[in-house]
$ cat run06.cif   # mmCIF, C-alpha atoms
data_input
#
loop_
_atom_site.label_atom_id
_atom_site.label_comp_id
_atom_site.auth_asym_id
_atom_site.auth_seq_id
_atom_site.Cartn_x
_atom_site.Cartn_y
_atom_site.Cartn_z
CA MET A 3 75.06 74.96 106.66
CA ASN A 4 78.84 75.38 106.31
CA SER A 5 81.11 72.48 106.97
CA ASP A 6 84.39 71.03 105.88
CA SER A 7 82.43 69.23 103.19
CA ASP A 8 81.86 72.60 101.43
CA LEU A 9 85.54 72.65 100.58
CA GLN A 10 85.27 69.10 99.30
CA ILE A 11 82.43 70.14 97.00
CA ALA A 12 84.15 73.28 95.66
CA GLY A 13 87.62 71.84 95.67
CA ASP A 14 90.82 73.71 96.41
CA ILE A 15 90.68 77.03 94.53
CA LEU A 16 94.46 76.93 94.14
CA GLU A 17 94.06 73.72 92.16
CA VAL A 18 91.77 75.39 89.59
CA PRO A 19 94.16 77.34 87.32
CA HIS A 20 91.43 79.15 85.36
CA LEU A 21 90.25 80.86 88.58
CA LEU A 22 93.67 82.32 89.38
CA GLN A 23 94.73 85.64 87.90
CA ALA A 24 97.85 85.43 85.82
CA PRO A 25 100.68 87.59 87.17
CA ARG A 26 100.96 90.86 85.26
CA GLU A 27 104.03 91.61 83.24
CA HIS A 28 103.63 95.33 84.02
CA PRO A 29 102.11 97.11 87.03
CA ALA A 30 98.69 98.71 86.66
CA THR A 31 97.65 99.83 90.17
CA VAL A 32 99.24 102.18 92.70
CA ALA A 33 100.06 99.21 94.92
CA GLU A 34 101.77 97.45 92.02
CA PHE A 35 103.82 100.57 91.20
CA VAL A 36 104.90 100.77 94.84
CA GLY A 37 105.82 97.09 94.63
CA LEU A 38 107.83 97.70 91.46
CA ALA A 39 109.76 100.51 93.18
CA ARG A 40 110.43 98.31 96.22
CA SER A 41 111.64 95.38 94.12
CA LEU A 42 113.97 97.61 92.08
CA ALA A 43 115.28 99.24 95.27
CA ALA A 44 116.01 95.84 96.76
CA ASP A 45 117.91 94.62 93.67
CA ARG A 46 120.97 96.88 93.63
CA SER A 47 122.38 94.99 90.63
CA GLN A 48 119.72 96.66 88.46
CA TRP A 49 120.74 100.23 89.25
CA GLU A 50 123.93 100.62 91.31
CA HIS A 51 126.33 100.37 88.34
CA LEU A 52 124.41 103.12 86.50
CA VAL A 53 124.65 105.84 89.16
CA ARG A 54 126.75 108.89 88.32
CA TYR A 55 127.30 112.07 90.32
CA ASP A 56 127.45 115.46 88.63
CA ALA A 57 128.47 118.53 90.62
CA THR A 58 126.80 120.93 88.16
CA THR A 59 123.34 119.39 87.86
CA ARG A 60 121.22 116.54 89.12
CA TRP A 61 122.03 113.38 87.18
CA TYR A 62 119.19 111.21 85.92
CA HIS A 63 118.78 108.04 83.87
CA ARG A 64 115.60 106.42 82.58
CA LEU A 65 115.88 102.93 84.03
CA ARG A 66 112.78 101.29 82.60
CA THR A 67 109.62 101.96 80.64
CA GLY A 68 106.43 100.01 80.22
CA PRO A 69 102.94 100.60 78.95
CA GLY A 70 101.87 103.83 80.64
CA TYR A 71 104.79 104.23 83.05
CA GLU A 72 108.49 104.99 83.33
CA VAL A 73 111.13 104.57 86.02
CA TRP A 74 113.91 107.13 86.58
CA LEU A 75 117.09 106.87 88.64
CA LEU A 76 118.42 110.18 90.03
CA SER A 77 121.51 111.16 91.99
CA TRP A 78 121.84 114.22 94.20
CA VAL A 79 125.09 115.67 95.49
CA PRO A 80 124.87 117.83 98.61
CA GLY A 81 123.01 121.05 97.94
CA GLN A 82 121.22 119.93 94.77
CA GLY A 83 117.45 120.26 94.61
CA SER A 84 114.53 120.02 92.25
CA GLY A 85 112.85 123.37 92.87
CA LEU A 86 109.16 123.49 93.78
CA HIS A 87 107.28 121.55 91.09
CA ASP A 88 104.50 119.11 90.32
CA HIS A 89 104.30 116.28 87.79
CA GLY A 90 101.39 117.44 85.64
CA ARG A 91 98.94 114.61 85.02
CA SER A 92 101.31 111.93 86.33
CA SER A 93 101.10 110.16 89.67
CA GLY A 94 104.29 108.83 91.16
CA VAL A 95 106.29 106.89 93.68
CA LEU A 96 109.52 108.38 95.06
CA THR A 97 111.87 105.91 96.79
CA VAL A 98 115.16 106.92 98.42
CA LEU A 99 117.80 104.30 97.62
CA GLU A 100 120.84 105.81 99.36
CA GLY A 101 121.46 108.84 101.53
CA THR A 102 118.89 111.29 102.80
CA LEU A 103 116.66 113.73 100.92
CA THR A 104 114.43 116.48 102.26
CA GLU A 105 110.93 116.95 100.87
CA ARG A 106 109.20 120.31 101.30
CA THR A 107 105.47 120.76 100.67
CA GLU A 108 102.81 123.23 101.74
CA ARG A 109 102.22 120.92 104.74
CA GLY A 110 105.79 121.05 105.98
CA THR A 111 109.21 119.45 105.68
CA ARG A 112 110.21 115.82 106.13
CA GLY A 113 113.49 113.95 105.92
CA LEU A 114 113.48 110.85 103.75
CA GLY A 115 116.18 108.30 104.51
CA ALA A 116 117.13 105.21 102.53
CA GLY A 117 114.06 103.01 102.09
CA ALA A 118 111.55 105.84 102.53
CA GLN A 119 108.78 106.05 99.94
CA ARG A 120 106.33 108.80 99.01
CA VAL A 121 103.32 108.23 96.76
CA PHE A 122 101.71 111.25 95.13
CA ALA A 123 98.78 112.08 92.87
CA PRO A 124 98.69 114.37 89.84
CA GLY A 125 99.26 118.03 90.75
CA TYR A 126 101.08 117.26 94.02
CA ALA A 127 103.60 120.10 94.48
CA HIS A 128 106.85 119.49 96.32
CA GLU A 129 110.52 120.35 96.38
CA VAL A 130 113.16 117.67 96.93
CA VAL A 131 116.63 118.70 98.14
CA ASN A 132 119.77 116.98 99.34
CA ASP A 133 120.42 118.94 102.55
CA ALA A 134 122.83 116.28 103.82
CA LEU A 135 126.60 116.15 103.58
CA GLU A 136 126.62 112.89 101.57
CA PRO A 137 125.28 112.14 98.07
CA ALA A 138 121.86 110.55 97.69
CA VAL A 139 120.22 108.31 95.09
CA SER A 140 116.48 108.04 94.42
CA LEU A 141 114.13 106.06 92.21
CA HIS A 142 111.03 107.67 90.66
CA VAL A 143 108.14 105.80 89.05
CA TYR A 144 105.70 107.96 87.05
CA PHE A 145 102.35 106.76 85.71
CA PRO A 146 101.50 107.76 83.12
CA GLY A 147 105.03 108.56 81.98
CA LEU A 148 106.24 112.05 82.83
CA THR A 149 105.46 114.57 80.09
CA GLU A 150 105.62 117.80 82.08
CA MET A 151 107.03 119.13 85.32
CA PRO A 152 105.54 122.59 85.96
CA MET A 153 107.66 124.71 88.28
CA HIS A 154 105.96 126.75 91.03
CA THR A 155 106.70 130.00 92.79
CA ALA A 156 107.12 130.17 96.56
CA PRO A 157 103.92 129.48 98.52
CA HIS A 158 101.65 132.44 99.11
CA CYS A 159 100.23 133.46 102.47
CA GLU A 160 97.34 131.00 102.11
CA GLY A 161 99.89 128.18 101.91
CA ARG A 162 99.23 127.26 98.27
CA ALA A 163 101.94 127.16 95.67
CA GLU A 164 101.23 128.98 92.42
CA PRO A 165 102.35 127.46 89.12
CA ARG A 166 104.64 129.53 86.95
CA ALA A 167 105.68 129.18 83.35
CA VAL A 168 109.23 128.01 82.77
CA THR A 169 111.00 128.89 79.54
CA ALA A 170 113.76 126.71 78.23
#
$ encode --input "run06.cif" --output "structure tokens"
Amino acid sequence: MNSDSDLQIAGDILEVPHLLQAPREHPATVAEFVGLARSLAADRSQWEHLVRYDATTRWYHRLRTGPGYEVWLLSWVPGQGSGLHDHGRSSGVLTVLEGTLTERTERGTRGLGAGAQRVFAPGYAHEVVNDALEPAVSLHVYFPGLTEMPMHTAPHCEGRAEPRAVTA
């Protein structure tokens, strides 16, 4: 039989510190990585002063690292793109901070405006491009940290992108 007295017997769980999980210093789940990206996006003081624009290449800056993850800040002037690639064994969260980026995958094309987020698993192939007339800034969280970024050729008739070797 349940009653209000059950709460009196068990007590208020919020009053029993040993039953509460301590907040983590570093994210460990996909949801926590998304939350990290959102909190960094919302706190412009952590990234705005670092942004640079380079007309010859995409600019990037490693903003933060932690056990098993890293956070990158990227800027994109109009016309700059990543090329079709995946992130090897890393999963990730892409968050647009300013401007608009276009993401192309085998499933189609989508515009990503400020605040948009994309979460992807290892092996997810996409191309990100600034097709707009204004610069854009994005935040990328990779877990584990990014160790490779295989480039792909254009999709074949079946709609699948084929990896290709890239020489430095």
$ residues_around --input "run06.cif" --residues "A:Thr149" --least-positions-apart "4" --cutoff "8 Å" --atoms "all atoms listed in the file" --output "list in words"
His89, Gly90 and Ser92 of chain A
$ residues_around --input "run06.cif" --residues "A:His63" --least-positions-apart "3" --cutoff "10 Å" --atoms "all atoms listed in the file" --output "ChimeraX atom specification"
/A:49,52-54,66,73-77,141
$ axis_aligned_box --input "run06.cif" --around "stretch 125-131 of chain A" --padding-each-side "3 Å" --output "JSON"
{"center_x": 107.9, "center_y": 118.8, "center_z": 94.4, "size_x": 23.4, "size_y": 9.1, "size_z": 13.4}
$ resolve_selection --input "run06.cif" --expression "the PyMOL selection byres ((chain A and resi 133) around 9)" --output "PyMOL selection string"
chain A and resi 80-83+102-104+131-132+134-136
$ resolve_selection --input "run06.cif" --expression "the PyMOL selection byres ((chain A and resi 105) around 7)" --output "list in words"
Leu103, Thr104, Arg106, Thr107, Thr111, Arg112, Gly113, His128, Glu129, Val130 and Val131 of chain A
$ closest_residue --input "run06.cif" --among "A:Gly37, A:Arg46, A:Trp78, A:Ala138" --to "A:Val121" --atoms "only C-alpha atoms"
A:Gly37
$ atom_distance --input "run06.cif" --atom1 "atom CA of A:Glu100" --atom2 "atom CA of A:Phe122"
20.3 Å
$ closest_residue --input "run06.cif" --among "A:Glu72, A:Glu108, A:Asp88, A:Glu150" --to "A:His28" --atoms "all atoms listed in the file"
A:Glu72
$ atom_distance --input "run06.cif" --atom1 "atom CA of A:Gly68" --atom2 "atom CA of A:Phe145"
9.6 Å
$ closest_residue --input "run06.cif" --among "A:Ser41, A:Ala57, A:His154, A:Val95" --to "A:Ser140" --atoms "all atoms listed in the file"
A:Val95
$ closest_residue --input "run06.cif" --among "A:Gly117, A:Arg91, A:Leu65, A:Met153" --to "A:Glu50" --atoms "only C-alpha atoms"
A:Leu65
$ closest_residue --input "run06.cif" --among "A:Gln119, A:Thr31, A:Thr97, A:Ser47" --to "A:His142" --atoms "only C-alpha atoms"
A:Thr97
$ atom_distance --input "run06.cif" --atom1 "atom CA of A:Thr155" --atom2 "atom CA of A:His87"
8.6 Å
$ decode --input "run06.cif" --residues "stretch 55-84 of chain A" --atoms "N, CA and C atoms" --output "PDB file, in the first residue's frame"
ATOM      1  N   TYR A  55      39.568  35.240 -38.983  1.00  0.00           N
ATOM      2  CA  TYR A  55      39.113  34.888 -40.327  1.00  0.00           C
ATOM      3  C   TYR A  55      40.319  34.886 -41.249  1.00  0.00           C
ATOM      4  N   ASP A  56      40.447  33.851 -42.052  1.00  0.00           N
ATOM      5  CA  ASP A  56      41.567  33.707 -42.966  1.00  0.00           C
ATOM      6  C   ASP A  56      40.999  33.443 -44.358  1.00  0.00           C
ATOM      7  N   ALA A  57      41.314  34.318 -45.293  1.00  0.00           N
ATOM      8  CA  ALA A  57      40.778  34.197 -46.652  1.00  0.00           C
ATOM      9  C   ALA A  57      41.382  33.030 -47.420  1.00  0.00           C
ATOM     10  N   THR A  58      42.522  32.508 -46.980  1.00  0.00           N
ATOM     11  CA  THR A  58      43.182  31.440 -47.744  1.00  0.00           C
ATOM     12  C   THR A  58      42.821  30.041 -47.266  1.00  0.00           C
ATOM     13  N   THR A  59      42.438  29.900 -46.015  1.00  0.00           N
ATOM     14  CA  THR A  59      42.106  28.582 -45.490  1.00  0.00           C
ATOM     15  C   THR A  59      41.166  28.715 -44.296  1.00  0.00           C
ATOM     16  N   ARG A  60      40.457  27.649 -43.996  1.00  0.00           N
ATOM     17  CA  ARG A  60      39.626  27.676 -42.793  1.00  0.00           C
ATOM     18  C   ARG A  60      40.529  27.846 -41.580  1.00  0.00           C
ATOM     19  N   TRP A  61      40.123  28.717 -40.676  1.00  0.00           N
ATOM     20  CA  TRP A  61      40.868  28.933 -39.439  1.00  0.00           C
ATOM     21  C   TRP A  61      40.299  28.012 -38.375  1.00  0.00           C
ATOM     22  N   TYR A  62      41.163  27.480 -37.514  1.00  0.00           N
ATOM     23  CA  TYR A  62      40.688  26.639 -36.426  1.00  0.00           C
ATOM     24  C   TYR A  62      41.578  26.817 -35.203  1.00  0.00           C
ATOM     25  N   HIS A  63      40.991  26.566 -34.041  1.00  0.00           N
ATOM     26  CA  HIS A  63      41.678  26.731 -32.761  1.00  0.00           C
ATOM     27  C   HIS A  63      41.146  25.673 -31.796  1.00  0.00           C
ATOM     28  N   ARG A  64      42.042  24.910 -31.180  1.00  0.00           N
ATOM     29  CA  ARG A  64      41.579  23.945 -30.177  1.00  0.00           C
ATOM     30  C   ARG A  64      41.239  24.725 -28.917  1.00  0.00           C
ATOM     31  N   LEU A  65      39.958  24.712 -28.569  1.00  0.00           N
ATOM     32  CA  LEU A  65      39.436  25.509 -27.464  1.00  0.00           C
ATOM     33  C   LEU A  65      39.603  24.822 -26.118  1.00  0.00           C
ATOM     34  N   ARG A  66      39.456  23.502 -26.116  1.00  0.00           N
ATOM     35  CA  ARG A  66      39.483  22.780 -24.843  1.00  0.00           C
ATOM     36  C   ARG A  66      39.770  21.307 -25.113  1.00  0.00           C
ATOM     37  N   THR A  67      40.407  20.672 -24.137  1.00  0.00           N
ATOM     38  CA  THR A  67      40.578  19.223 -24.176  1.00  0.00           C
ATOM     39  C   THR A  67      40.207  18.668 -22.814  1.00  0.00           C
ATOM     40  N   GLY A  68      39.887  17.415 -22.801  1.00  0.00           N
ATOM     41  CA  GLY A  68      39.588  16.715 -21.559  1.00  0.00           C
ATOM     42  C   GLY A  68      39.875  15.249 -21.783  1.00  0.00           C
ATOM     43  N   PRO A  69      39.648  14.441 -20.791  1.00  0.00           N
ATOM     44  CA  PRO A  69      39.922  13.016 -20.958  1.00  0.00           C
ATOM     45  C   PRO A  69      39.013  12.414 -22.036  1.00  0.00           C
ATOM     46  N   GLY A  70      39.608  12.100 -23.182  1.00  0.00           N
ATOM     47  CA  GLY A  70      38.863  11.440 -24.251  1.00  0.00           C
ATOM     48  C   GLY A  70      38.077  12.360 -25.166  1.00  0.00           C
ATOM     49  N   TYR A  71      38.267  13.661 -25.099  1.00  0.00           N
ATOM     50  CA  TYR A  71      37.549  14.560 -26.001  1.00  0.00           C
ATOM     51  C   TYR A  71      38.348  15.825 -26.248  1.00  0.00           C
ATOM     52  N   GLU A  72      37.964  16.533 -27.308  1.00  0.00           N
ATOM     53  CA  GLU A  72      38.521  17.857 -27.583  1.00  0.00           C
ATOM     54  C   GLU A  72      37.459  18.717 -28.248  1.00  0.00           C
ATOM     55  N   VAL A  73      37.621  20.038 -28.074  1.00  0.00           N
ATOM     56  CA  VAL A  73      36.671  21.009 -28.597  1.00  0.00           C
ATOM     57  C   VAL A  73      37.437  21.956 -29.515  1.00  0.00           C
ATOM     58  N   TRP A  74      36.936  22.134 -30.733  1.00  0.00           N
ATOM     59  CA  TRP A  74      37.571  22.994 -31.731  1.00  0.00           C
ATOM     60  C   TRP A  74      36.631  24.122 -32.110  1.00  0.00           C
ATOM     61  N   LEU A  75      37.201  25.289 -32.330  1.00  0.00           N
ATOM     62  CA  LEU A  75      36.498  26.469 -32.815  1.00  0.00           C
ATOM     63  C   LEU A  75      36.976  26.704 -34.242  1.00  0.00           C
ATOM     64  N   LEU A  76      36.050  26.853 -35.195  1.00  0.00           N
ATOM     65  CA  LEU A  76      36.409  27.064 -36.598  1.00  0.00           C
ATOM     66  C   LEU A  76      35.707  28.296 -37.141  1.00  0.00           C
ATOM     67  N   SER A  77      36.377  28.984 -38.065  1.00  0.00           N
ATOM     68  CA  SER A  77      35.711  30.076 -38.780  1.00  0.00           C
ATOM     69  C   SER A  77      35.732  29.755 -40.265  1.00  0.00           C
ATOM     70  N   TRP A  78      34.726  30.253 -40.964  1.00  0.00           N
ATOM     71  CA  TRP A  78      34.517  29.969 -42.373  1.00  0.00           C
ATOM     72  C   TRP A  78      34.168  31.270 -43.078  1.00  0.00           C
ATOM     73  N   VAL A  79      34.995  31.722 -43.996  1.00  0.00           N
ATOM     74  CA  VAL A  79      34.600  32.868 -44.810  1.00  0.00           C
ATOM     75  C   VAL A  79      33.777  32.325 -45.970  1.00  0.00           C
ATOM     76  N   PRO A  80      33.007  33.179 -46.643  1.00  0.00           N
ATOM     77  CA  PRO A  80      32.181  32.691 -47.744  1.00  0.00           C
ATOM     78  C   PRO A  80      32.999  31.889 -48.766  1.00  0.00           C
ATOM     79  N   GLY A  81      32.451  30.749 -49.135  1.00  0.00           N
ATOM     80  CA  GLY A  81      33.085  29.887 -50.120  1.00  0.00           C
ATOM     81  C   GLY A  81      33.977  28.805 -49.540  1.00  0.00           C
ATOM     82  N   GLN A  82      34.369  28.909 -48.281  1.00  0.00           N
ATOM     83  CA  GLN A  82      35.237  27.879 -47.707  1.00  0.00           C
ATOM     84  C   GLN A  82      34.430  26.645 -47.328  1.00  0.00           C
ATOM     85  N   GLY A  83      35.059  25.476 -47.482  1.00  0.00           N
ATOM     86  CA  GLY A  83      34.406  24.225 -47.156  1.00  0.00           C
ATOM     87  C   GLY A  83      35.397  23.192 -46.674  1.00  0.00           C
ATOM     88  N   SER A  84      34.889  22.115 -46.157  1.00  0.00           N
ATOM     89  CA  SER A  84      35.709  21.065 -45.574  1.00  0.00           C
ATOM     90  C   SER A  84      36.093  19.979 -46.565  1.00  0.00           C
TER      91      SER A  84
END
